[in-house]
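J.: To start, I am sharing the structure in question, which I have written as structure tokens.
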Amino acid sequence: NTDTQKILRLHIFHLMQTASMNIIDRDVSIPSRGIHGEAYRGHIMWDELFILPFLTLHFPVLTREVLMYRYRRLGKARRAAKKSGYRGAMYPWQSGSDGREESQDIHLNPMSGRWVPDNTHLQRHVNAAIVYSVWQYYLASDDREFLHFFGAEMVLEVARFWCSLATYNPDRDKYEIHNVVGPDEYHTGYPDSDQPGLNNNAYTNVMASWVLQRAGEVLNVLHQERREELMRDLSIEEDEIDQWHEIAHKLYVPFLDNRVISQFEGYGELEELDWGEYRRKHGEMMRLDRILEAESDDVLRYKAGKQADVLMLFYLFSGRELSEQFRSMGYEFSIDDIPRNISYYQHRTSHGSTLSSLVFSWVLSRADRPKSWETFRKALLSDVEDVQGGTTSEGIHLGAMAGTVDMMQRCYIGLEIRKDVLWFNPALPETLEGLELRIRFRGQWLQLSVDHSELSLRLMENSGGCIKVGVRDKTFDMVPGEEQSISLIV
Ligand code: IFM
């Protein structure tokens, strides 16, 4: 695996060029294509969701900086929400210097020479991504100062936005979210509709519910005085909190047969694409949307996705967390349902974004390790082989770069932070003999090495206290200077 290691180091190198100590106090964030090229004009999108986990476990101070970029634009996000008739804060899909929406309205299809409408700005899920990053940073760093002064306010204002976006459907006794776009950027509306956006994108609705639940939790974590202060300053009344609770537990999630989550409401009625025929005709189909548009057809008509959408849920949450999340929303969804969902969308995705192979390799890591590794290698080669045929010269793909490093750091080691416990559940692919790395958790360095039979941990000598560690189902405390070796043979 020297080749894999070499590319991972190259990825870290590029990442550290964009996010280094030099960004501290500069009010900048991390553009999706780094500072390496002009694609997306340097805009900041949701890619920090894939980038921050690496930074948080090594340079938490940089994650804080990136989150501060968002905090400084909270006022703009509030104004954007108000202008669109919502409450709270609505962050833009593409953000630049002053925090206004910078997304394009039209884009060029070079295959047809036509300019086509672009409604990708309706990806409101970026707001959930910001809260997810705030929460993960808080859990990993225990930076209560950040949560107290900045993070909590963002969480509450975004929760308020989701609450005002949701509408009640009495026929279902459920809340719904309309006119949005999920991570799959092919589906920005319904075929033959003159209205942009989709109803009840499953990823968006589940994330909105998760955010609303975190908003309740954040208020409990805060010191009483700060809680009262924020509620007063933001004019949050107790009945508003009750409403968050009600919506969080009653957001609608569409399903197809057999507990396969429907990407959005109406997805099941779309036509199946003849993937075999199209592959024969076009070979690589990463930009299936452009191929179809050039043929005067429309990707909106088909069950064909650009990138992982529903599967993002399995990327962000462990099976156990997700089952709990679904249960809280009134749905039964178990870990056993995950492989069926992966298989369904695996056959209907063109991987037109480099983020897609990354997410697929992650979600396959438990059910099909060889396939996960094969897909990981694809994500790994995104820029070194310029797999999209010419996009790397417009800037590297930082989400895929950081995400592939994070595959080693979190995915194959099964690293997860739940409440104040750092969990490990290693499942290395056959091809990976072992890993050695050092991570930062709640202000302390933990050295770890893992192979197929053993996990060794050493909490470095320092002035901190003990940390809580969990391996598979057992938890224990570790004090600075302590070493632990745990057999992985069952
Ligand atoms: O943010 C991504 C999006 O999910 C897919 N298109 C590229 C963007 C920038 O990386």
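A note on labels: chains of the structure tokens are A, B, ... as shown, every chain counts residues from 1, and ligands are counted from 1 in their shown order.
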Give me the residues near Ala427 in chain A as a list of chain:residue names, where near means some atom within 8 Å (using only C-alpha atoms) and where sequence neighbours in that chain fewer than 4 positions away do not count.

T.: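 The residues satisfying every condition are A:Ser365, A:Arg366, A:Tyr412, A:Ile413, A:Gly414, A:His452.
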
J.: Quick one: write out the picked residues with C-alpha atoms as a short mmCIF file (atom, residue, chain, number, x, y, z; two decimals), in the first residue's frame?

T.:
data_model
loop_
_atom_site.label_atom_id
_atom_site.label_comp_id
_atom_site.auth_asym_id
_atom_site.auth_seq_id
_atom_site.Cartn_x
_atom_site.Cartn_y
_atom_site.Cartn_z
CA SER A 365 -17.08 -0.61 4.77
CA ARG A 366 -19.07 -2.88 7.09
CA TYR A 412 -11.94 1.58 8.98
CA ILE A 413 -11.10 2.06 12.65
CA GLY A 414 -14.77 2.56 13.46
CA HIS A 452 -6.39 -7.24 12.14
#

J.: Please report, as a tab-separated table, each residue of range 290-335 of chain A lying at most 12 Å from range 100-124 of chain A, together with the nearest pair of atoms and the separation in Å rounded to one decimal; use only C-alpha atoms, and order rows by chain and ascending residue number.

T.:
residue	atom	partner	partner_atom	distance
A:Arg290	CA	A:Asn109	CA	6.0
A:Ile291	CA	A:Met111	CA	7.0
A:Leu292	CA	A:Met111	CA	9.7
A:Glu293	CA	A:Ser112	CA	7.3
A:Ala294	CA	A:Ser112	CA	4.7
A:Glu295	CA	A:Ser112	CA	8.2
A:Ser296	CA	A:Ser112	CA	9.0
A:Asp297	CA	A:Ser112	CA	11.5
A:Asp298	CA	A:Val116	CA	11.1
A:Asp309	CA	A:Gln123	CA	11.5

J.: Restricting the output to N, CA and C atoms, write the selected residues as a short mmCIF file (atom, residue, chain, number, x, y, z; two decimals), in the first residue's frame.

T.:
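This is the output file selection.cif:
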data_model
loop_
_atom_site.label_atom_id
_atom_site.label_comp_id
_atom_site.auth_asym_id
_atom_site.auth_seq_id
_atom_site.Cartn_x
_atom_site.Cartn_y
_atom_site.Cartn_z
N ARG A 290 -25.74 15.97 -18.35
CA ARG A 290 -25.36 16.70 -19.58
C ARG A 290 -25.61 15.83 -20.82
N ILE A 291 -25.32 14.54 -20.68
CA ILE A 291 -25.54 13.62 -21.82
C ILE A 291 -27.02 13.67 -22.21
N LEU A 292 -27.88 13.55 -21.21
CA LEU A 292 -29.32 13.51 -21.51
C LEU A 292 -29.81 14.85 -22.05
N GLU A 293 -29.33 15.93 -21.47
CA GLU A 293 -29.78 17.25 -21.94
C GLU A 293 -29.37 17.47 -23.40
N ALA A 294 -28.16 16.98 -23.73
CA ALA A 294 -27.67 17.13 -25.11
C ALA A 294 -28.53 16.31 -26.07
N GLU A 295 -29.20 15.26 -25.53
CA GLU A 295 -30.09 14.45 -26.37
C GLU A 295 -31.53 14.96 -26.29
N SER A 296 -31.69 16.18 -25.76
CA SER A 296 -33.01 16.79 -25.54
C SER A 296 -33.89 15.96 -24.61
N ASP A 297 -33.25 15.21 -23.74
CA ASP A 297 -33.98 14.47 -22.70
C ASP A 297 -33.71 15.19 -21.38
N ASP A 298 -34.16 14.62 -20.26
CA ASP A 298 -33.99 15.32 -18.99
C ASP A 298 -33.76 14.30 -17.87
N ASP A 309 -27.14 10.43 -1.79
CA ASP A 309 -28.11 11.36 -1.20
C ASP A 309 -28.69 10.69 0.05
#

J.: Any idea what's packed within 9 Å of range 216-228 of chain A, counting only C-alpha atoms, ignoring anything in its chain fewer than 4 positions away? Could you give it as a list in words?

T.: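 Contacts, in chain order: Arg144, Leu147, His148, Phe149, Ala152, Val155, Leu156, Val211, Leu212, Arg232, Asp233, Ile241, Trp244 and His245 of chain A.
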
J.: Within 8 Å of ligand 1, which residues show up when you count only C-alpha atoms and all ligand atoms? List them as an MDAnalysis selection string, please.

T.: chainID A and resid 32:33 40 45:47 183:185 307 352:355 397:399

J.: Restricting the output to all heavy atoms, write the selected residues as a short mmCIF file (atom, residue, chain, number, x, y, z; two decimals), in the first residue's frame.

T.:
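To be explicit, this is the file written out as out_36.cif:
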data_model
loop_
_atom_site.label_atom_id
_atom_site.label_comp_id
_atom_site.auth_asym_id
_atom_site.auth_seq_id
_atom_site.Cartn_x
_atom_site.Cartn_y
_atom_site.Cartn_z
N SER A 32 -14.35 24.55 -1.56
CA SER A 32 -14.42 23.13 -1.96
C SER A 32 -13.28 22.72 -2.88
O SER A 32 -12.92 21.55 -2.91
CB SER A 32 -15.74 22.81 -2.65
OG SER A 32 -16.51 23.91 -2.88
N ARG A 33 -12.73 23.64 -3.66
CA ARG A 33 -11.64 23.27 -4.55
C ARG A 33 -10.31 23.81 -4.03
O ARG A 33 -9.37 24.05 -4.80
CB ARG A 33 -11.92 23.77 -5.97
CG ARG A 33 -13.26 23.32 -6.50
CD ARG A 33 -13.37 21.80 -6.63
NE ARG A 33 -12.75 21.36 -7.84
CZ ARG A 33 -13.36 21.27 -9.02
NH1 ARG A 33 -14.64 21.53 -9.11
NH2 ARG A 33 -12.72 20.88 -10.09
N TYR A 40 -15.85 26.95 -8.95
CA TYR A 40 -16.77 27.49 -7.93
C TYR A 40 -16.29 28.83 -7.37
O TYR A 40 -16.69 29.23 -6.28
CB TYR A 40 -16.98 26.50 -6.77
CG TYR A 40 -17.61 25.21 -7.23
CD1 TYR A 40 -16.93 24.00 -7.12
CD2 TYR A 40 -18.88 25.20 -7.77
CE1 TYR A 40 -17.50 22.82 -7.56
CE2 TYR A 40 -19.45 24.02 -8.22
CZ TYR A 40 -18.75 22.84 -8.10
OH TYR A 40 -19.31 21.67 -8.53
N MET A 45 -18.97 25.59 0.30
CA MET A 45 -20.26 24.92 0.21
C MET A 45 -20.42 24.00 1.44
O MET A 45 -20.05 24.41 2.52
CB MET A 45 -20.33 24.19 -1.13
CG MET A 45 -20.22 25.22 -2.26
SD MET A 45 -19.48 24.63 -3.76
CE MET A 45 -20.93 24.08 -4.63
N TRP A 46 -20.91 22.81 1.24
CA TRP A 46 -21.08 21.93 2.41
C TRP A 46 -19.89 21.00 2.62
O TRP A 46 -19.91 20.16 3.50
CB TRP A 46 -22.36 21.10 2.28
CG TRP A 46 -22.29 19.97 1.29
CD1 TRP A 46 -21.62 19.98 0.09
CD2 TRP A 46 -22.88 18.68 1.41
NE1 TRP A 46 -21.79 18.79 -0.55
CE2 TRP A 46 -22.56 17.95 0.24
CE3 TRP A 46 -23.66 18.05 2.36
CZ2 TRP A 46 -22.99 16.65 0.01
CZ3 TRP A 46 -24.09 16.75 2.14
CH2 TRP A 46 -23.75 16.07 0.98
N ASP A 47 -18.86 21.17 1.77
CA ASP A 47 -17.76 20.20 1.77
C ASP A 47 -17.01 20.13 3.10
O ASP A 47 -16.28 19.18 3.36
CB ASP A 47 -16.79 20.50 0.62
CG ASP A 47 -17.50 20.48 -0.73
OD1 ASP A 47 -18.46 21.27 -0.88
OD2 ASP A 47 -17.12 19.69 -1.60
N PRO A 183 -28.68 16.40 -1.62
CA PRO A 183 -27.30 16.39 -2.11
C PRO A 183 -27.18 15.96 -3.58
O PRO A 183 -26.23 16.37 -4.27
CB PRO A 183 -26.62 15.37 -1.19
CG PRO A 183 -27.43 15.39 0.07
CD PRO A 183 -28.84 15.63 -0.37
N ASP A 184 -28.11 15.12 -4.06
CA ASP A 184 -28.07 14.71 -5.47
C ASP A 184 -28.49 15.89 -6.34
O ASP A 184 -29.68 16.21 -6.44
CB ASP A 184 -29.02 13.51 -5.67
CG ASP A 184 -29.29 13.27 -7.14
OD1 ASP A 184 -28.49 13.69 -7.99
OD2 ASP A 184 -30.34 12.65 -7.44
N GLU A 185 -27.52 16.48 -6.98
CA GLU A 185 -27.80 17.72 -7.72
C GLU A 185 -28.44 17.51 -9.09
O GLU A 185 -28.73 18.48 -9.79
CB GLU A 185 -26.49 18.51 -7.88
CG GLU A 185 -25.92 18.92 -6.54
CD GLU A 185 -24.63 19.72 -6.65
OE1 GLU A 185 -23.83 19.42 -7.55
OE2 GLU A 185 -24.44 20.62 -5.82
N GLN A 307 -24.97 11.71 -7.10
CA GLN A 307 -24.12 11.35 -5.97
C GLN A 307 -24.98 10.83 -4.81
O GLN A 307 -26.20 10.94 -4.84
CB GLN A 307 -23.34 12.57 -5.51
CG GLN A 307 -24.19 13.68 -4.92
CD GLN A 307 -23.46 15.01 -4.88
OE1 GLN A 307 -23.48 15.76 -5.85
NE2 GLN A 307 -22.84 15.31 -3.75
N GLY A 352 -21.21 11.45 -10.31
CA GLY A 352 -20.79 12.67 -11.00
C GLY A 352 -20.08 13.66 -10.08
O GLY A 352 -19.60 14.70 -10.53
N SER A 353 -20.04 13.35 -8.78
CA SER A 353 -19.26 14.18 -7.85
C SER A 353 -18.21 13.27 -7.22
O SER A 353 -18.49 12.10 -6.94
CB SER A 353 -20.19 14.74 -6.76
OG SER A 353 -19.43 15.14 -5.64
N THR A 354 -17.04 13.81 -6.98
CA THR A 354 -15.98 13.00 -6.35
C THR A 354 -16.38 12.60 -4.93
O THR A 354 -15.82 11.66 -4.37
CB THR A 354 -14.64 13.75 -6.32
OG1 THR A 354 -14.85 15.00 -5.65
CG2 THR A 354 -14.09 13.99 -7.71
N LEU A 355 -17.34 13.32 -4.37
CA LEU A 355 -17.78 12.98 -3.00
C LEU A 355 -18.53 11.65 -2.98
O LEU A 355 -18.61 10.98 -1.96
CB LEU A 355 -18.71 14.07 -2.46
CG LEU A 355 -18.11 15.47 -2.28
CD1 LEU A 355 -19.19 16.47 -1.89
CD2 LEU A 355 -17.01 15.43 -1.22
N HIS A 397 -10.16 18.54 -5.44
CA HIS A 397 -11.44 18.29 -4.79
C HIS A 397 -11.16 17.99 -3.31
O HIS A 397 -10.86 16.86 -2.94
CB HIS A 397 -12.15 17.12 -5.46
CG HIS A 397 -12.45 17.38 -6.91
ND1 HIS A 397 -11.49 17.30 -7.90
CD2 HIS A 397 -13.60 17.76 -7.51
CE1 HIS A 397 -12.05 17.59 -9.06
NE2 HIS A 397 -13.33 17.88 -8.86
N LEU A 398 -11.25 19.04 -2.52
CA LEU A 398 -10.78 18.93 -1.14
C LEU A 398 -11.64 18.00 -0.28
O LEU A 398 -11.11 17.34 0.63
CB LEU A 398 -10.73 20.33 -0.52
CG LEU A 398 -9.58 20.58 0.45
CD1 LEU A 398 -8.26 20.08 -0.07
CD2 LEU A 398 -9.49 22.06 0.75
N GLY A 399 -12.93 17.92 -0.58
CA GLY A 399 -13.81 17.02 0.18
C GLY A 399 -13.35 15.58 0.02
O GLY A 399 -13.21 14.83 0.99
#

J.: Can you check which residues of range 347-479 of chain A DSSP gives as strand (DSSP E) on the backbone and send them as a ChimeraX atom specification?

T.: /A:416-418,421-424,434-441,444-451,454-459,467-471,474-478

J.: Please write the residues from the selection above to a file, keeping N, CA and C atoms, as an mmCIF file, in the first residue's frame.

T.:
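Just written: out_36.cif:
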data_model
loop_
_atom_site.group_PDB
_atom_site.id
_atom_site.type_symbol
_atom_site.label_atom_id
_atom_site.label_comp_id
_atom_site.auth_asym_id
_atom_site.auth_seq_id
_atom_site.Cartn_x
_atom_site.Cartn_y
_atom_site.Cartn_z
ATOM 1 N N GLU A 416 -15.786 6.761 16.514
ATOM 2 C CA GLU A 416 -17.040 7.509 16.632
ATOM 3 C C GLU A 416 -17.063 8.180 17.991
ATOM 4 N N ILE A 417 -17.576 9.390 18.057
ATOM 5 C CA ILE A 417 -17.686 10.035 19.374
ATOM 6 C C ILE A 417 -19.167 10.115 19.716
ATOM 7 N N ARG A 418 -19.520 9.435 20.782
ATOM 8 C CA ARG A 418 -20.917 9.506 21.239
ATOM 9 C C ARG A 418 -20.906 10.029 22.651
ATOM 10 N N VAL A 421 -17.751 9.741 25.024
ATOM 11 C CA VAL A 421 -16.960 8.514 24.858
ATOM 12 C C VAL A 421 -16.391 8.422 23.433
ATOM 13 N N LEU A 422 -15.108 8.073 23.375
ATOM 14 C CA LEU A 422 -14.451 7.872 22.081
ATOM 15 C C LEU A 422 -14.494 6.380 21.774
ATOM 16 N N TRP A 423 -15.293 6.020 20.775
ATOM 17 C CA TRP A 423 -15.524 4.600 20.466
ATOM 18 C C TRP A 423 -14.649 4.117 19.324
ATOM 19 N N PHE A 424 -14.242 2.843 19.399
ATOM 20 C CA PHE A 424 -13.521 2.204 18.293
ATOM 21 C C PHE A 424 -14.196 0.873 17.980
ATOM 22 N N GLY A 434 -2.342 -2.598 8.499
ATOM 23 C CA GLY A 434 -2.486 -1.923 9.784
ATOM 24 C C GLY A 434 -2.400 -0.414 9.619
ATOM 25 N N LEU A 435 -2.701 0.282 10.701
ATOM 26 C CA LEU A 435 -2.676 1.749 10.679
ATOM 27 C C LEU A 435 -2.050 2.253 11.965
ATOM 28 N N GLU A 436 -1.308 3.322 11.857
ATOM 29 C CA GLU A 436 -0.791 3.973 13.061
ATOM 30 C C GLU A 436 -1.091 5.450 12.944
ATOM 31 N N LEU A 437 -1.686 6.007 13.941
ATOM 32 C CA LEU A 437 -1.938 7.442 13.892
ATOM 33 C C LEU A 437 -2.090 8.019 15.286
ATOM 34 N N ARG A 438 -2.064 9.325 15.309
ATOM 35 C CA ARG A 438 -2.220 10.021 16.583
ATOM 36 C C ARG A 438 -3.385 11.000 16.416
ATOM 37 N N ILE A 439 -4.296 10.978 17.363
ATOM 38 C CA ILE A 439 -5.435 11.902 17.234
ATOM 39 C C ILE A 439 -5.566 12.758 18.495
ATOM 40 N N ARG A 440 -6.212 13.866 18.317
ATOM 41 C CA ARG A 440 -6.421 14.770 19.440
ATOM 42 C C ARG A 440 -7.874 14.652 19.880
ATOM 43 N N PHE A 441 -8.076 14.338 21.149
ATOM 44 C CA PHE A 441 -9.435 14.173 21.676
ATOM 45 C C PHE A 441 -9.537 14.932 22.988
ATOM 46 N N GLN A 444 -6.237 16.247 24.410
ATOM 47 C CA GLN A 444 -5.119 15.335 24.685
ATOM 48 C C GLN A 444 -4.802 14.511 23.441
ATOM 49 N N TRP A 445 -3.530 14.067 23.353
ATOM 50 C CA TRP A 445 -3.119 13.243 22.210
ATOM 51 C C TRP A 445 -3.243 11.774 22.557
ATOM 52 N N LEU A 446 -3.853 11.046 21.648
ATOM 53 C CA LEU A 446 -3.971 9.598 21.823
ATOM 54 C C LEU A 446 -3.252 8.932 20.651
ATOM 55 N N GLN A 447 -2.286 8.106 20.983
ATOM 56 C CA GLN A 447 -1.529 7.385 19.952
ATOM 57 C C GLN A 447 -2.232 6.048 19.747
ATOM 58 N N LEU A 448 -2.485 5.693 18.492
ATOM 59 C CA LEU A 448 -3.117 4.396 18.326
ATOM 60 C C LEU A 448 -2.544 3.615 17.164
ATOM 61 N N SER A 449 -2.475 2.323 17.339
ATOM 62 C CA SER A 449 -2.095 1.472 16.217
ATOM 63 C C SER A 449 -3.055 0.284 16.210
ATOM 64 N N VAL A 450 -3.395 -0.120 15.000
ATOM 65 C CA VAL A 450 -4.395 -1.174 14.870
ATOM 66 C C VAL A 450 -4.014 -2.080 13.693
ATOM 67 N N ASP A 451 -4.205 -3.371 13.883
ATOM 68 C CA ASP A 451 -4.090 -4.298 12.747
ATOM 69 C C ASP A 451 -5.290 -5.240 12.817
ATOM 70 N N GLU A 454 -5.301 -6.667 16.774
ATOM 71 C CA GLU A 454 -5.169 -5.918 18.026
ATOM 72 C C GLU A 454 -5.289 -4.396 17.818
ATOM 73 N N LEU A 455 -5.846 -3.756 18.835
ATOM 74 C CA LEU A 455 -5.887 -2.288 18.863
ATOM 75 C C LEU A 455 -5.068 -1.831 20.069
ATOM 76 N N SER A 456 -4.047 -1.007 19.837
ATOM 77 C CA SER A 456 -3.247 -0.504 20.961
ATOM 78 C C SER A 456 -3.433 0.999 21.083
ATOM 79 N N LEU A 457 -3.641 1.433 22.311
ATOM 80 C CA LEU A 457 -3.883 2.856 22.574
ATOM 81 C C LEU A 457 -2.908 3.350 23.622
ATOM 82 N N ARG A 458 -2.435 4.561 23.442
ATOM 83 C CA ARG A 458 -1.601 5.172 24.489
ATOM 84 C C ARG A 458 -1.998 6.636 24.630
ATOM 85 N N LEU A 459 -2.496 6.975 25.804
ATOM 86 C CA LEU A 459 -2.837 8.374 26.056
ATOM 87 C C LEU A 459 -1.556 9.066 26.503
ATOM 88 N N ILE A 467 -9.792 10.108 30.056
ATOM 89 C CA ILE A 467 -10.780 10.164 28.973
ATOM 90 C C ILE A 467 -11.541 8.837 28.963
ATOM 91 N N LYS A 468 -12.735 8.873 28.387
ATOM 92 C CA LYS A 468 -13.543 7.637 28.329
ATOM 93 C C LYS A 468 -13.400 7.028 26.939
ATOM 94 N N VAL A 469 -13.061 5.748 26.917
ATOM 95 C CA VAL A 469 -12.866 5.064 25.646
ATOM 96 C C VAL A 469 -13.802 3.859 25.593
ATOM 97 N N GLY A 470 -14.289 3.557 24.397
ATOM 98 C CA GLY A 470 -15.119 2.369 24.219
ATOM 99 C C GLY A 470 -14.559 1.540 23.071
ATOM 100 N N VAL A 471 -14.387 0.262 23.272
ATOM 101 C CA VAL A 471 -13.967 -0.603 22.167
ATOM 102 C C VAL A 471 -15.044 -1.671 22.014
ATOM 103 N N LYS A 474 -17.368 -2.467 25.099
ATOM 104 C CA LYS A 474 -16.855 -2.225 26.458
ATOM 105 C C LYS A 474 -16.316 -0.805 26.587
ATOM 106 N N THR A 475 -16.578 -0.172 27.716
ATOM 107 C CA THR A 475 -16.007 1.159 27.940
ATOM 108 C C THR A 475 -15.035 1.107 29.124
ATOM 109 N N PHE A 476 -14.042 1.981 29.074
ATOM 110 C CA PHE A 476 -13.097 2.083 30.195
ATOM 111 C C PHE A 476 -12.501 3.489 30.199
ATOM 112 N N ASP A 477 -11.910 3.862 31.322
ATOM 113 C CA ASP A 477 -11.239 5.163 31.434
ATOM 114 C C ASP A 477 -9.757 4.992 31.151
ATOM 115 N N MET A 478 -9.146 6.020 30.576
ATOM 116 C CA MET A 478 -7.686 5.995 30.402
ATOM 117 C C MET A 478 -7.109 7.261 31.020
#

J.: So which bits of range 10-154 of chain A end up helix (DSSP H, G or I) when you DSSP the backbone, as an MDAnalysis selection string?

T.: chainID A and resid 10:18 21:23 39:42 48:56 60:72 74:83 120:122 126:141 144:154

J.: Output C-alpha atoms of each residue in that selection to a file, as a PDB file, in the first residue's frame.

T.:
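Saved the output as again.pdb:
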ATOM      1  CA  LEU A  10      -0.416  14.178  -0.966  1.00  0.00           C
ATOM      2  CA  HIS A  11      -4.013  14.772   0.129  1.00  0.00           C
ATOM      3  CA  ILE A  12      -2.905  15.910   3.573  1.00  0.00           C
ATOM      4  CA  PHE A  13      -0.368  18.201   1.931  1.00  0.00           C
ATOM      5  CA  HIS A  14      -3.037  19.853  -0.227  1.00  0.00           C
ATOM      6  CA  LEU A  15      -5.412  20.121   2.685  1.00  0.00           C
ATOM      7  CA  MET A  16      -2.780  21.800   4.830  1.00  0.00           C
ATOM      8  CA  GLN A  17      -2.058  24.275   2.061  1.00  0.00           C
ATOM      9  CA  THR A  18      -5.650  25.479   2.278  1.00  0.00           C
ATOM     10  CA  MET A  21      -2.318  27.862  11.035  1.00  0.00           C
ATOM     11  CA  ASN A  22      -2.147  30.791   8.592  1.00  0.00           C
ATOM     12  CA  ILE A  23      -5.947  30.939   8.464  1.00  0.00           C
ATOM     13  CA  ALA A  39     -13.782  26.295  -9.947  1.00  0.00           C
ATOM     14  CA  TYR A  40     -16.773  27.488  -7.925  1.00  0.00           C
ATOM     15  CA  ARG A  41     -14.924  30.817  -7.707  1.00  0.00           C
ATOM     16  CA  GLY A  42     -13.509  29.901  -4.326  1.00  0.00           C
ATOM     17  CA  GLU A  48     -16.548  21.084   5.256  1.00  0.00           C
ATOM     18  CA  LEU A  49     -18.720  18.172   6.348  1.00  0.00           C
ATOM     19  CA  PHE A  50     -16.123  15.876   4.734  1.00  0.00           C
ATOM     20  CA  ILE A  51     -13.094  18.003   5.635  1.00  0.00           C
ATOM     21  CA  LEU A  52     -13.579  18.988   9.253  1.00  0.00           C
ATOM     22  CA  PRO A  53     -13.489  15.482  10.777  1.00  0.00           C
ATOM     23  CA  PHE A  54      -9.827  15.185   9.771  1.00  0.00           C
ATOM     24  CA  LEU A  55      -8.984  18.653  11.066  1.00  0.00           C
ATOM     25  CA  THR A  56     -10.950  18.253  14.296  1.00  0.00           C
ATOM     26  CA  PRO A  60      -9.250  21.428  16.389  1.00  0.00           C
ATOM     27  CA  VAL A  61      -8.210  25.061  16.446  1.00  0.00           C
ATOM     28  CA  LEU A  62      -8.631  25.118  12.648  1.00  0.00           C
ATOM     29  CA  THR A  63     -12.111  23.641  12.821  1.00  0.00           C
ATOM     30  CA  ARG A  64     -13.037  26.365  15.285  1.00  0.00           C
ATOM     31  CA  GLU A  65     -11.769  28.935  12.826  1.00  0.00           C
ATOM     32  CA  VAL A  66     -13.866  27.489  10.000  1.00  0.00           C
ATOM     33  CA  LEU A  67     -16.939  27.488  12.242  1.00  0.00           C
ATOM     34  CA  MET A  68     -16.210  31.088  13.201  1.00  0.00           C
ATOM     35  CA  TYR A  69     -16.387  31.970   9.492  1.00  0.00           C
ATOM     36  CA  ARG A  70     -19.999  30.757   9.678  1.00  0.00           C
ATOM     37  CA  TYR A  71     -20.689  32.521  12.966  1.00  0.00           C
ATOM     38  CA  ARG A  72     -19.528  35.846  11.557  1.00  0.00           C
ATOM     39  CA  LEU A  74     -24.981  34.548  11.036  1.00  0.00           C
ATOM     40  CA  GLY A  75     -26.466  38.031  10.599  1.00  0.00           C
ATOM     41  CA  LYS A  76     -26.472  37.628   6.834  1.00  0.00           C
ATOM     42  CA  ALA A  77     -28.055  34.184   7.184  1.00  0.00           C
ATOM     43  CA  ARG A  78     -30.761  35.692   9.390  1.00  0.00           C
ATOM     44  CA  ARG A  79     -31.491  38.324   6.782  1.00  0.00           C
ATOM     45  CA  ALA A  80     -31.617  35.669   4.040  1.00  0.00           C
ATOM     46  CA  ALA A  81     -34.166  33.664   6.044  1.00  0.00           C
ATOM     47  CA  LYS A  82     -36.296  36.743   6.666  1.00  0.00           C
ATOM     48  CA  LYS A  83     -36.188  37.797   3.029  1.00  0.00           C
ATOM     49  CA  THR A 120     -28.890  23.861  -6.830  1.00  0.00           C
ATOM     50  CA  HIS A 121     -29.081  26.802  -4.430  1.00  0.00           C
ATOM     51  CA  LEU A 122     -32.141  25.082  -2.956  1.00  0.00           C
ATOM     52  CA  VAL A 126     -26.105  22.959   4.065  1.00  0.00           C
ATOM     53  CA  ASN A 127     -27.671  24.382   7.232  1.00  0.00           C
ATOM     54  CA  ALA A 128     -27.852  20.945   8.815  1.00  0.00           C
ATOM     55  CA  ALA A 129     -24.242  20.304   7.776  1.00  0.00           C
ATOM     56  CA  ILE A 130     -23.131  23.403   9.671  1.00  0.00           C
ATOM     57  CA  VAL A 131     -24.926  22.303  12.830  1.00  0.00           C
ATOM     58  CA  TYR A 132     -23.560  18.777  12.443  1.00  0.00           C
ATOM     59  CA  SER A 133     -20.034  20.216  12.311  1.00  0.00           C
ATOM     60  CA  VAL A 134     -20.634  22.438  15.332  1.00  0.00           C
ATOM     61  CA  TRP A 135     -21.890  19.464  17.299  1.00  0.00           C
ATOM     62  CA  GLN A 136     -19.088  17.100  16.249  1.00  0.00           C
ATOM     63  CA  TYR A 137     -16.509  19.742  17.083  1.00  0.00           C
ATOM     64  CA  TYR A 138     -18.063  20.243  20.493  1.00  0.00           C
ATOM     65  CA  LEU A 139     -18.091  16.505  21.226  1.00  0.00           C
ATOM     66  CA  ALA A 140     -14.478  15.993  20.079  1.00  0.00           C
ATOM     67  CA  SER A 141     -12.967  19.075  21.699  1.00  0.00           C
ATOM     68  CA  ARG A 144     -17.587  24.731  25.935  1.00  0.00           C
ATOM     69  CA  GLU A 145     -16.452  28.303  25.422  1.00  0.00           C
ATOM     70  CA  PHE A 146     -17.146  27.992  21.710  1.00  0.00           C
ATOM     71  CA  LEU A 147     -20.540  26.418  22.288  1.00  0.00           C
ATOM     72  CA  HIS A 148     -21.427  28.989  24.913  1.00  0.00           C
ATOM     73  CA  PHE A 149     -20.480  32.104  22.964  1.00  0.00           C
ATOM     74  CA  PHE A 150     -20.986  31.077  19.320  1.00  0.00           C
ATOM     75  CA  GLY A 151     -22.018  27.493  18.539  1.00  0.00           C
ATOM     76  CA  ALA A 152     -25.272  27.373  20.470  1.00  0.00           C
ATOM     77  CA  GLU A 153     -26.593  30.503  18.783  1.00  0.00           C
ATOM     78  CA  MET A 154     -25.991  28.989  15.340  1.00  0.00           C
TER      79      MET A 154
END
